[in-house]
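Notes to accompany the following structure.
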Protein chains: 4
Amino acid sequence: MLIVMSHAATKADVEGVVKTIEEMGYQARPMPGKQRTAVGLVGNDGKVDASRLLGLDGVLEVIHVSQPYKQVSREWKSENTIVRLPGWLSIGGDEVVVMAGPCAVETEAQIIESARAVRDAGAVILRGGAFKPRTSPYSFQGLGKKGLAFLKKAKEETGLLIVTEALDPEGVDAVAEVADIIQLGARNMQNFSLLKAAGRTRKPILLKRGIAATITELLLSAEYLLAEGNDQVILCERGIRGFDPATRNVFDLTAVPVVHRLSHLPIIADPSHGTGLRDKVTPMARAAVAAGADGLMIEVHPRPDKALSDGAQSLTPDQFGELMRQCRAIAEVIGRRVAEPAGAAR
Amino acid sequence: MLIVMSHAATKADVEGVVKTIEEMGYQARPMPGKQRTAVGLVGNDGKVDASRLLGLDGVLEVIHVSQPYKQVSREWKSENTIVRLPGWLSIGGDEVVVMAGPCAVETEAQIIESARAVRDAGAVILRGGAFKPRTSPYSFQGLGKKGLAFLKKAKEETGLLIVTEALDPEGVDAVAEVADIIQLGARNMQNFSLLKAAGRTRKPILLKRGIAATITELLLSAEYLLAEGNDQVILCERGIRGFDPATRNVFDLTAVPVVHRLSHLPIIADPSHGTGLRDKVTPMARAAVAAGADGLMIEVHPRPDKALSDGAQSLTPDQFGELMRQCRAIAEVIGRRVAEPAGAAR
Amino acid sequence: MLIVMSHAATKADVEGVVKTIEEMGYQARPMPGKQRTAVGLVGNDGKVDASRLLGLDGVLEVIHVSQPYKQVSREWKSENTIVRLPGWLSIGGDEVVVMAGPCAVETEAQIIESARAVRDAGAVILRGGAFKPRTSPYSFQGLGKKGLAFLKKAKEETGLLIVTEALDPEGVDAVAEVADIIQLGARNMQNFSLLKAAGRTRKPILLKRGIAATITELLLSAEYLLAEGNDQVILCERGIRGFDPATRNVFDLTAVPVVHRLSHLPIIADPSHGTGLRDKVTPMARAAVAAGADGLMIEVHPRPDKALSDGAQSLTPDQFGELMRQCRAIAEVIGRRVAEPAGAAR
Amino acid sequence: MLIVMSHAATKADVEGVVKTIEEMGYQARPMPGKQRTAVGLVGNDGKVDASRLLGLDGVLEVIHVSQPYKQVSREWKSENTIVRLPGWLSIGGDEVVVMAGPCAVETEAQIIESARAVRDAGAVILRGGAFKPRTSPYSFQGLGKKGLAFLKKAKEETGLLIVTEALDPEGVDAVAEVADIIQLGARNMQNFSLLKAAGRTRKPILLKRGIAATITELLLSAEYLLAEGNDQVILCERGIRGFDPATRNVFDLTAVPVVHRLSHLPIIADPSHGTGLRDKVTPMARAAVAAGADGLMIEVHPRPDKALSDGAQSLTPDQFGELMRQCRAIAEVIGRRVAEPAGAAR
């Protein structure tokens, strides 16, 4: 950590900084410069609270040289984390894993029909919300435990694995009974009680980036999971807030190579939420695979015009099938392949 | 709600929209225009899910004419909500109510010293976190229930009311036992399980705006509280995410008159988090009062350079005293007054 | 255009709106609704200034049903615009056109070396700034007219076409003498004097999206060019301002399918400025082609560590060669091909 | 400047950085740390181009310790710049200077009527655009030179000083003949040709912050003016781009104390563009004065509902008079006073 003093800082100000650093249990290294003095803080273990130093007299700025996260960092562990899923599947290796299904579980028939459709097109994991976080209290909030039961049925019928969202610490266990991957949604990325509860399970976690989260904040939220002992973490870019109403969100695909450089964790992309518009999903799914995403999460609904939520961004099964064909070819260009359902012959 | 058809929409497309609206239980009013057709949806009760319509063939855009919230809206209730607090205090009337104290409860001595200092300067409510949401799992997470006990002590010693944060549904009851106002933090603004739990208490709630929340989303989160039966809600502007590293956040003070026009709920401002920089807190606190804020929340620490968190944005008691003097004078200019502690003679 | 009245609007308010619309020369269509009245404005020719209506008593909101642009819109002209370049090249058809070269022209030797390197790797257009817009007055501002002369030399040596930036109305003619495409930079997207001057030339224009421009604003700036009679316009996504310091900009690739839907103009992508980081350029160039971009603009420098500007985001010629190989394969997946230099056999 | 090496950087990487720094003519100071090495660059004169270093092998980050600007900085000149205007007025001292008038000059009668109205309410400078930068080519673009002549007339009639915008280098001289202050608009904040032309005049310049400009970028644009020899510069906060459609812009009032700390230049605030909504202008003008702004720029139109542009954000003369009364009282609270027209007795 580097504490930059203002031009006008006095000798006493610099001494105040040195003394505070030493009180905090670290070593101080003053470095007088041409325009100003800076003071290095040595021995930083990543737990230093900069704000105490930032408020001292004569301090202009505090600069973090180390990253604030640890276990999620590529410097801590240089090889990719491979998240192991039941059966033959894994995320973070050569395969690009596609999760697909409706925004919400609506009825048993709907989720089973959806599951068959996405499996037939080549998805290996079924998505579908039983507990739905909704901006308005008057919107459809999901079927809850009944929805989980329908997902279980769909899994039995189709052999697909299940990813579904948990909304609160109490819900984690119920979701963990059915889901192969527990999803933590964008609005809950900094719900630290939920992160701790999810970190205590031994299930893979899909952690979505918050709508205005920096990559550092996303990695720090993942660090909560690893700090609790769960390193089976998949990150997900799903769009960030922007100023242009032309799309629901700004789909920040550069997050994929940024995360791959900073962390060993896999990252997938969700172009359905990332763009919010059906006709943008296919081109941006292709782009995500081309950018190196370790997987995709796609909203598919057998009849999008009847969907209870997010119909406008859901693909039809046919559109999804075409998307899969294109993504398979692009994956090959960069030396990867799209994971296929067991027994698929294509 | 208005469904705008694209220029190229066919007659069949328009008929599809009309049919879907009718299936949803509303009336459709097609309005052929010079450049394109629009279809009005009449009978909208605020629960219509636009995404189903947005996905139909030929639909260019869906425009919401009604606001998606209800009970929080000024149209639902035209007079200001006055949140009643124990004793003589209220928020939302003529008085500007000042909450002050340290970021976190650190020790019994620290919180009592802080409480005395802010009361002597004129604050009427003590702030201080017992449960702290922290971006990093390695940062100080608050003293938890011990912190609540210290807050209770500080209340007994000084007569100040208490505002402190609840982080999860389980924590709401523990906080409610000590706090006069339950704070829901920015990161939890869309933690709907927490909103529902807080809405079921009968304590006043301080709901902070999320770091990238629109005013509509803030009001919808408040609607969750009212929908559960708790209308004692105070909103709080505390800075939104921006692109300029010069300040921690962008302090969006225009939110104050915007909320006052759209809603009957009171709104206070937190310039400590809003700016993140000590020397910006006083000018922006003055600005908040001038803009019409119903209260202020200010971080004050007896020795900011020793604070365990947010030291850089905390005022000293002396600085806070000066801030109070300036804010009293500005409140008078706009026909308000700063609420004084019982028995204060100034 | 739809004028939405507030819930509390009086009959007189509605009449005021109707009267104002009629004064403005349009027809008014009041539509009384369940919760509020809206007034349609019919006969809108795209030139109505909403702000006059927005300020009237009782008006809650003014909603634009028509787009504010005209000639650039897909509704005005449904087939893609193909921008014709000297020789065999065009932009906006099946081919993906790659422009590459250094950020700035530095010396004759440097630009000729760069030109050869990018041509050998498959670029067909040479980029390089002679006039550089720089945030600081103390940064290298480009060689000016001498730089243009060096670009001309490089063109003669290599047969590559030239794209280079004009900074002001006076500079347009000098640039037009050498350049095959006149670039208008992001900072000048709303420099309307420059747009008008460029619109009066008959050269193709490359118009970069401003750092905080909406797609609508980008299209309106293009409309300035078409309104002056120049329809040879290529748009360019080059990154927008975001809140995360992890990358220089947020590379908003979804702009590609968004523009393709709204407009008939071609759009290319610049991942060098879009990300600002060398190791992100290749994955995001692949992503751009996969998303459907009509071309790429890539910074390549023979020795990036000696570059006078933007060295950190410049590729080496070898890295660029590999990028070209990958982009060719991805273009084929979506039924396109990367344009090759004349006489290239690959 | 500090070059931070990645954890995995080799000794050769560090040597490469040292060698490059020395080649650039500066001294290198390697500082081996616990987790990583950093290399200090000493002798930095503010002209170092970081990007060259950022691209070297093993470099993680380049950190600027010095500010990139010079002459505008408070460290360069510690006392406030007082911009002297004709007659008795100045900006940057104790007085708060109010500029008011319509968005655009429309007719001679309109601008004279406006001038009288704002003078009677206490404004000392008349604003009004003769050259209007408009997002759409089809919007009213101003009266041009005829507008300047009307402004001159209004000045003769009322004794008010004039501030009006120049759009391009050629227009600067024409504007300078009539205006007492030359305004450079937000869209042109990085139109460097225009900045240079304006810097060569000896007229005071009002430089508006770009819609997505950081404070550092605003100061660097001001540096262009000072670098050309013109130090009579007034900055202006007028709202930045945000994600919430509730207001036209986010009015970033904290820019006022931020600029006051970093620079000796005065800064005023424009709540009309900052909020875009008439009923938000008065509370935010009060807030601006409370935050310490050195002046205000307010849109006032004798009949806002007939205005050719920006009617929705224009105050009536009566509303403006009330705003002036409130702002006078607030200025006094912080030891300032609102500048009064010559001969005004209030």
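Residues are referred to by chain and number: the chain letter is A, B, ... according to the order shown in the structure tokens, the number counts from 1 in that chain, and ligands are numbered separately from 1 in the order shown.
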Is it possible to see chain A as a CSV table (one decimal) with C-alpha atoms, in the first residue's frame, once it has been laid onto chain B by a least-squares fit on every C-alpha atom in order?
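And here's out-v6.csv as it stands now:
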chain,number,residue,atom,x,y,z
A,1,MET,CA,-49.8,0.9,-21.1
A,2,LEU,CA,-49.0,1.7,-24.7
A,3,ILE,CA,-47.7,-0.9,-27.1
A,4,VAL,CA,-46.0,0.8,-30.0
A,5,MET,CA,-45.8,-1.3,-33.2
A,6,SER,CA,-42.9,-1.1,-35.6
A,7,HIS,CA,-43.4,0.7,-39.0
A,8,ALA,CA,-43.4,-2.7,-40.7
A,9,ALA,CA,-45.9,-4.4,-38.4
A,10,THR,CA,-48.6,-6.2,-40.3
A,11,LYS,CA,-52.3,-6.2,-39.6
A,12,ALA,CA,-51.9,-9.7,-38.2
A,13,ASP,CA,-49.2,-8.4,-35.8
A,14,VAL,CA,-51.6,-5.8,-34.5
A,15,GLU,CA,-54.3,-8.4,-34.1
A,16,GLY,CA,-51.9,-10.7,-32.2
A,17,VAL,CA,-51.2,-7.9,-29.8
A,18,VAL,CA,-54.9,-7.2,-29.3
A,19,LYS,CA,-55.6,-10.9,-28.8
A,20,THR,CA,-52.9,-11.2,-26.2
A,21,ILE,CA,-54.1,-8.2,-24.3
A,22,GLU,CA,-57.5,-9.6,-24.2
A,23,GLU,CA,-56.2,-13.0,-23.1
A,24,MET,CA,-54.5,-11.2,-20.2
A,25,GLY,CA,-57.9,-9.8,-19.2
A,26,TYR,CA,-57.5,-6.2,-20.3
A,27,GLN,CA,-59.1,-4.1,-23.0
A,28,ALA,CA,-57.1,-3.2,-26.2
A,29,ARG,CA,-57.5,0.1,-28.0
A,30,PRO,CA,-55.7,0.2,-31.3
A,31,MET,CA,-54.7,3.7,-32.5
A,32,PRO,CA,-53.5,3.8,-36.1
A,33,GLY,CA,-51.1,6.7,-36.6
A,34,LYS,CA,-49.4,8.4,-39.4
A,35,GLN,CA,-46.1,6.6,-39.1
A,36,ARG,CA,-47.1,3.5,-37.0
A,37,THR,CA,-49.9,2.0,-35.0
A,38,ALA,CA,-50.0,2.0,-31.2
A,39,VAL,CA,-52.2,-0.2,-29.1
A,40,GLY,CA,-53.5,1.1,-25.7
A,41,LEU,CA,-54.0,-1.3,-22.9
A,42,VAL,CA,-56.8,-0.2,-20.7
A,43,GLY,CA,-57.7,-1.6,-17.3
A,44,ASN,CA,-54.1,-1.8,-16.2
A,45,ASP,CA,-53.9,-2.4,-12.5
A,46,GLY,CA,-50.2,-2.0,-12.2
A,47,LYS,CA,-49.6,-5.7,-12.4
A,48,VAL,CA,-49.2,-6.2,-16.1
A,49,ASP,CA,-46.0,-7.9,-17.1
A,50,ALA,CA,-44.8,-6.0,-20.2
A,51,SER,CA,-42.3,-8.5,-21.2
A,52,ARG,CA,-44.9,-10.9,-22.6
A,53,LEU,CA,-46.1,-8.1,-24.9
A,54,LEU,CA,-42.6,-6.9,-25.8
A,55,GLY,CA,-41.8,-10.2,-27.3
A,56,LEU,CA,-44.7,-10.3,-29.8
A,57,ASP,CA,-44.1,-10.0,-33.5
A,58,GLY,CA,-44.2,-6.4,-34.8
A,59,VAL,CA,-43.9,-4.8,-31.3
A,60,LEU,CA,-41.3,-2.0,-31.2
A,61,GLU,CA,-41.6,-0.9,-27.6
A,62,VAL,CA,-43.9,-1.1,-24.6
A,63,ILE,CA,-44.5,2.2,-22.7
A,64,HIS,CA,-45.7,2.3,-19.1
A,65,VAL,CA,-48.1,5.1,-18.6
A,66,SER,CA,-48.9,4.3,-15.0
A,67,GLN,CA,-46.2,4.0,-12.4
A,68,PRO,CA,-45.5,0.4,-11.3
A,69,TYR,CA,-45.8,1.4,-7.6
A,70,LYS,CA,-49.0,2.2,-5.7
A,71,GLN,CA,-49.1,2.8,-2.0
A,72,VAL,CA,-45.9,4.8,-1.9
A,73,SER,CA,-47.1,7.2,-4.6
A,74,ARG,CA,-48.1,10.7,-4.0
A,75,GLU,CA,-51.1,10.0,-6.2
A,76,TRP,CA,-52.3,7.3,-3.8
A,77,LYS,CA,-51.8,9.6,-0.7
A,78,SER,CA,-51.3,13.3,-1.3
A,79,GLU,CA,-50.2,14.4,2.2
A,80,ASN,CA,-46.7,13.8,3.5
A,81,THR,CA,-46.2,10.7,5.6
A,82,ILE,CA,-45.0,11.7,9.1
A,83,VAL,CA,-42.9,8.9,10.6
A,84,ARG,CA,-43.5,9.0,14.4
A,85,LEU,CA,-40.6,8.2,16.7
A,86,PRO,CA,-40.6,7.6,20.4
A,87,GLY,CA,-40.9,10.8,22.4
A,88,TRP,CA,-41.4,14.1,20.6
A,89,LEU,CA,-39.6,13.4,17.3
A,90,SER,CA,-41.0,12.8,13.9
A,91,ILE,CA,-39.6,12.7,10.3
A,92,GLY,CA,-41.4,14.1,7.3
A,93,GLY,CA,-42.8,17.3,8.8
A,94,ASP,CA,-41.2,20.7,9.3
A,95,GLU,CA,-38.2,19.5,11.3
A,96,VAL,CA,-35.0,18.4,9.8
A,97,VAL,CA,-33.8,15.4,11.8
A,98,VAL,CA,-30.0,14.7,12.2
A,99,MET,CA,-28.7,11.2,12.9
A,100,ALA,CA,-25.0,11.0,13.7
A,101,GLY,CA,-22.4,8.7,15.1
A,102,PRO,CA,-19.6,6.3,14.1
A,103,CYS,CA,-19.7,4.0,11.1
A,104,ALA,CA,-19.4,1.0,13.5
A,105,VAL,CA,-19.9,0.3,17.2
A,106,GLU,CA,-16.3,-0.6,18.3
A,107,THR,CA,-16.3,-0.6,22.1
A,108,GLU,CA,-18.7,0.5,24.8
A,109,ALA,CA,-16.6,3.5,25.6
A,110,GLN,CA,-16.3,4.5,22.0
A,111,ILE,CA,-20.0,4.5,21.3
A,112,ILE,CA,-20.9,6.3,24.6
A,113,GLU,CA,-18.3,8.9,23.9
A,114,SER,CA,-19.6,9.3,20.4
A,115,ALA,CA,-23.2,9.5,21.6
A,116,ARG,CA,-22.4,12.3,24.0
A,117,ALA,CA,-20.5,14.2,21.5
A,118,VAL,CA,-23.2,14.1,18.8
A,119,ARG,CA,-25.9,14.9,21.3
A,120,ASP,CA,-24.0,17.9,22.6
A,121,ALA,CA,-23.7,19.2,19.0
A,122,GLY,CA,-27.4,18.7,18.5
A,123,ALA,CA,-28.0,15.3,16.9
A,124,VAL,CA,-31.2,13.5,18.1
A,125,ILE,CA,-30.6,10.0,16.8
A,126,LEU,CA,-27.4,7.9,17.2
A,127,ARG,CA,-26.2,5.9,14.3
A,128,GLY,CA,-23.7,3.0,14.6
A,129,GLY,CA,-23.4,-0.4,13.0
A,130,ALA,CA,-23.5,-3.6,15.0
A,131,PHE,CA,-23.8,-5.7,12.0
A,132,LYS,CA,-21.6,-4.4,9.1
A,133,PRO,CA,-22.0,-5.4,5.5
A,134,ARG,CA,-18.4,-5.4,4.2
A,135,THR,CA,-17.2,-5.9,0.6
A,136,SER,CA,-14.3,-8.1,1.8
A,137,PRO,CA,-14.7,-11.1,4.1
A,138,TYR,CA,-11.5,-10.0,5.8
A,139,SER,CA,-12.8,-6.6,6.9
A,140,PHE,CA,-14.2,-5.9,10.3
A,141,GLN,CA,-17.8,-7.3,10.3
A,142,GLY,CA,-19.1,-5.5,13.4
A,143,LEU,CA,-19.6,-6.7,17.0
A,144,GLY,CA,-23.0,-8.2,16.3
A,145,LYS,CA,-25.2,-8.7,19.3
A,146,LYS,CA,-22.6,-7.2,21.7
A,147,GLY,CA,-22.7,-4.1,19.5
A,148,LEU,CA,-26.5,-3.9,20.0
A,149,ALA,CA,-26.0,-4.1,23.8
A,150,PHE,CA,-23.5,-1.2,23.6
A,151,LEU,CA,-26.0,0.8,21.6
A,152,LYS,CA,-28.7,0.2,24.2
A,153,LYS,CA,-26.3,1.4,26.9
A,154,ALA,CA,-25.5,4.5,24.9
A,155,LYS,CA,-29.3,5.2,24.5
A,156,GLU,CA,-29.8,4.9,28.3
A,157,GLU,CA,-26.8,7.2,28.9
A,158,THR,CA,-27.8,9.9,26.5
A,159,GLY,CA,-31.5,9.7,25.7
A,160,LEU,CA,-30.7,9.5,22.0
A,161,LEU,CA,-32.8,7.3,19.8
A,162,ILE,CA,-31.0,4.6,17.9
A,163,VAL,CA,-30.8,3.7,14.2
A,164,THR,CA,-28.8,0.6,13.3
A,165,GLU,CA,-28.7,-1.9,10.4
A,166,ALA,CA,-30.2,-5.3,10.0
A,167,LEU,CA,-28.5,-7.6,7.5
A,168,ASP,CA,-30.8,-10.5,7.2
A,169,PRO,CA,-34.4,-11.7,8.0
A,170,GLU,CA,-33.1,-13.5,11.2
A,171,GLY,CA,-31.4,-10.3,12.4
A,172,VAL,CA,-34.5,-8.1,12.1
A,173,ASP,CA,-36.0,-9.1,15.5
A,174,ALA,CA,-32.7,-8.7,17.4
A,175,VAL,CA,-32.2,-5.2,15.9
A,176,ALA,CA,-35.8,-4.3,16.5
A,177,GLU,CA,-35.4,-4.9,20.2
A,178,VAL,CA,-32.8,-2.1,20.5
A,179,ALA,CA,-33.3,0.2,17.5
A,180,ASP,CA,-35.9,2.9,17.2
A,181,ILE,CA,-35.3,2.8,13.4
A,182,ILE,CA,-34.2,-0.3,11.6
A,183,GLN,CA,-31.8,0.5,8.8
A,184,LEU,CA,-31.8,-1.5,5.6
A,185,GLY,CA,-28.5,-0.8,3.7
A,186,ALA,CA,-27.8,0.0,0.1
A,187,ARG,CA,-26.6,-3.4,-0.7
A,188,ASN,CA,-29.8,-4.9,0.6
A,189,MET,CA,-32.2,-2.6,-1.1
A,190,GLN,CA,-33.4,-5.5,-3.3
A,191,ASN,CA,-33.0,-8.2,-0.7
A,192,PHE,CA,-36.7,-9.0,-0.9
A,193,SER,CA,-36.7,-11.5,1.9
A,194,LEU,CA,-35.2,-8.9,4.2
A,195,LEU,CA,-37.7,-6.3,3.0
A,196,LYS,CA,-40.6,-8.6,3.8
A,197,ALA,CA,-39.3,-9.4,7.2
A,198,ALA,CA,-38.8,-5.7,8.0
A,199,GLY,CA,-42.2,-4.9,6.6
A,200,ARG,CA,-43.7,-7.3,9.2
A,201,THR,CA,-42.3,-5.4,12.1
A,202,ARG,CA,-44.0,-2.2,13.3
A,203,LYS,CA,-40.8,-0.3,13.7
A,204,PRO,CA,-39.9,2.7,11.4
A,205,ILE,CA,-37.6,1.6,8.6
A,206,LEU,CA,-34.8,3.6,7.1
A,207,LEU,CA,-34.4,2.3,3.5
A,208,LYS,CA,-31.2,3.3,1.7
A,209,ARG,CA,-31.0,3.7,-2.0
A,210,GLY,CA,-29.0,1.0,-3.7
A,211,ILE,CA,-25.8,2.0,-5.4
A,212,ALA,CA,-27.3,1.7,-8.9
A,213,ALA,CA,-31.0,1.9,-8.1
A,214,THR,CA,-33.3,4.2,-10.0
A,215,ILE,CA,-35.8,6.2,-8.0
A,216,THR,CA,-38.5,3.9,-9.3
A,217,GLU,CA,-36.7,0.9,-8.0
A,218,LEU,CA,-36.2,2.6,-4.6
A,219,LEU,CA,-39.9,3.3,-4.4
A,220,LEU,CA,-40.7,-0.3,-5.4
A,221,SER,CA,-38.6,-1.6,-2.6
A,222,ALA,CA,-40.4,0.7,-0.2
A,223,GLU,CA,-43.6,-0.6,-1.7
A,224,TYR,CA,-42.6,-4.1,-0.4
A,225,LEU,CA,-42.6,-2.6,3.1
A,226,LEU,CA,-46.0,-0.9,2.7
A,227,ALA,CA,-47.4,-4.0,1.1
A,228,GLU,CA,-46.5,-5.9,4.3
A,229,GLY,CA,-48.3,-3.3,6.3
A,230,ASN,CA,-45.5,-1.1,7.5
A,231,ASP,CA,-45.9,2.5,6.3
A,232,GLN,CA,-43.3,4.0,8.7
A,233,VAL,CA,-40.7,4.3,6.0
A,234,ILE,CA,-37.9,6.8,5.6
A,235,LEU,CA,-35.9,6.8,2.4
A,236,CYS,CA,-32.2,7.8,2.2
A,237,GLU,CA,-30.0,9.0,-0.7
A,238,ARG,CA,-26.4,7.9,0.0
A,239,GLY,CA,-24.7,8.2,-3.4
A,240,ILE,CA,-24.8,6.2,-6.6
A,241,ARG,CA,-22.1,4.6,-8.6
A,242,GLY,CA,-20.4,6.9,-11.1
A,243,PHE,CA,-17.5,6.9,-13.5
A,244,ASP,CA,-15.3,9.4,-11.7
A,245,PRO,CA,-12.8,8.1,-9.1
A,246,ALA,CA,-12.6,11.6,-7.6
A,247,THR,CA,-15.3,10.7,-5.1
A,248,ARG,CA,-16.4,7.4,-3.7
A,249,ASN,CA,-19.9,7.8,-5.1
A,250,VAL,CA,-22.0,10.4,-6.9
A,251,PHE,CA,-24.2,12.1,-4.3
A,252,ASP,CA,-27.4,12.5,-6.2
A,253,LEU,CA,-29.1,15.2,-4.2
A,254,THR,CA,-31.8,15.8,-6.9
A,255,ALA,CA,-33.3,12.6,-5.6
A,256,VAL,CA,-34.7,14.6,-2.7
A,257,PRO,CA,-37.1,16.8,-4.8
A,258,VAL,CA,-37.7,13.9,-7.2
A,259,VAL,CA,-38.9,11.7,-4.3
A,260,HIS,CA,-40.9,14.5,-2.8
A,261,ARG,CA,-42.8,14.9,-6.0
A,262,LEU,CA,-43.5,11.2,-6.7
A,263,SER,CA,-44.0,10.0,-3.1
A,264,HIS,CA,-45.4,11.0,0.2
A,265,LEU,CA,-42.5,9.3,2.1
A,266,PRO,CA,-39.8,11.4,3.7
A,267,ILE,CA,-36.2,11.2,2.4
A,268,ILE,CA,-33.0,12.0,4.2
A,269,ALA,CA,-29.5,12.3,2.9
A,270,ASP,CA,-26.2,10.7,3.9
A,271,PRO,CA,-23.3,12.9,2.7
A,272,SER,CA,-20.7,10.8,4.5
A,273,HIS,CA,-21.3,7.8,2.2
A,274,GLY,CA,-22.5,10.1,-0.6
A,275,THR,CA,-19.1,11.6,-1.0
A,276,GLY,CA,-16.7,9.4,1.0
A,277,LEU,CA,-14.4,12.3,1.8
A,278,ARG,CA,-14.4,14.2,5.1
A,279,ASP,CA,-13.9,17.7,3.7
A,280,LYS,CA,-16.8,17.2,1.3
A,281,VAL,CA,-19.3,16.2,4.1
A,282,THR,CA,-20.0,19.6,5.5
A,283,PRO,CA,-20.7,21.4,2.2
A,284,MET,CA,-22.9,18.6,0.9
A,285,ALA,CA,-24.8,18.4,4.2
A,286,ARG,CA,-25.6,22.0,3.8
A,287,ALA,CA,-26.6,21.4,0.2
A,288,ALA,CA,-28.9,18.5,1.3
A,289,VAL,CA,-30.8,20.7,3.8
A,290,ALA,CA,-31.0,23.4,1.1
A,291,ALA,CA,-32.4,20.9,-1.4
A,292,GLY,CA,-35.2,20.0,1.1
A,293,ALA,CA,-34.0,16.8,2.7
A,294,ASP,CA,-36.0,15.7,5.7
A,295,GLY,CA,-32.9,14.7,7.7
A,296,LEU,CA,-29.2,14.0,7.6
A,297,MET,CA,-27.2,11.0,8.5
A,298,ILE,CA,-23.6,11.9,9.3
A,299,GLU,CA,-20.6,9.8,10.4
A,300,VAL,CA,-18.9,11.3,13.4
A,301,HIS,CA,-16.1,9.6,15.3
A,302,PRO,CA,-14.4,10.9,18.4
A,303,ARG,CA,-11.0,10.0,16.8
A,304,PRO,CA,-11.5,9.3,13.1
A,305,ASP,CA,-7.9,8.4,12.6
A,306,LYS,CA,-8.4,5.4,14.9
A,307,ALA,CA,-11.7,4.3,13.4
A,308,LEU,CA,-12.0,0.6,12.4
A,309,SER,CA,-14.0,1.5,9.3
A,310,ASP,CA,-14.8,4.6,7.2
A,311,GLY,CA,-12.4,6.8,9.1
A,312,ALA,CA,-11.7,8.9,6.1
A,313,GLN,CA,-15.3,10.1,5.8
A,314,SER,CA,-16.0,10.6,9.5
A,315,LEU,CA,-16.1,14.1,11.0
A,316,THR,CA,-14.6,15.0,14.3
A,317,PRO,CA,-17.2,16.2,16.9
A,318,ASP,CA,-16.0,19.8,16.4
A,319,GLN,CA,-16.5,19.6,12.7
A,320,PHE,CA,-19.9,18.1,13.3
A,321,GLY,CA,-20.8,21.0,15.7
A,322,GLU,CA,-20.0,23.5,13.0
A,323,LEU,CA,-22.0,21.6,10.4
A,324,MET,CA,-25.0,21.7,12.8
A,325,ARG,CA,-24.7,25.4,13.2
A,326,GLN,CA,-24.7,26.0,9.4
A,327,CYS,CA,-27.5,23.6,8.8
A,328,ARG,CA,-29.7,25.2,11.4
A,329,ALA,CA,-29.4,28.6,9.6
A,330,ILE,CA,-30.1,27.1,6.1
A,331,ALA,CA,-33.2,25.2,7.4
A,332,GLU,CA,-34.6,28.5,8.5
A,333,VAL,CA,-34.1,30.0,5.1
A,334,ILE,CA,-36.6,27.5,3.7
A,335,GLY,CA,-39.0,27.6,6.6
A,336,ARG,CA,-37.9,24.5,8.4
A,337,ARG,CA,-35.9,24.0,11.6
A,338,VAL,CA,-33.4,21.4,12.8
A,339,ALA,CA,-34.9,19.1,15.5
A,340,GLU,CA,-33.3,19.7,18.8
A,341,PRO,CA,-32.6,17.3,21.6
A,342,ALA,CA,-35.2,17.4,24.4
A,343,GLY,CA,-34.3,20.2,26.8
A,344,ALA,CA,-31.8,21.8,24.4
A,345,ALA,CA,-31.7,25.6,24.7
A,346,ARG,CA,-30.0,27.2,21.8
(message) I'd like to know which residues of region 49-205 of chain A are alpha helix (DSSP H) (by DSSP, run on the backbone); could you write them as a PyMOL selection string?
(response) chain A and resi 50-54+108-121+145-158+169-178+192-199
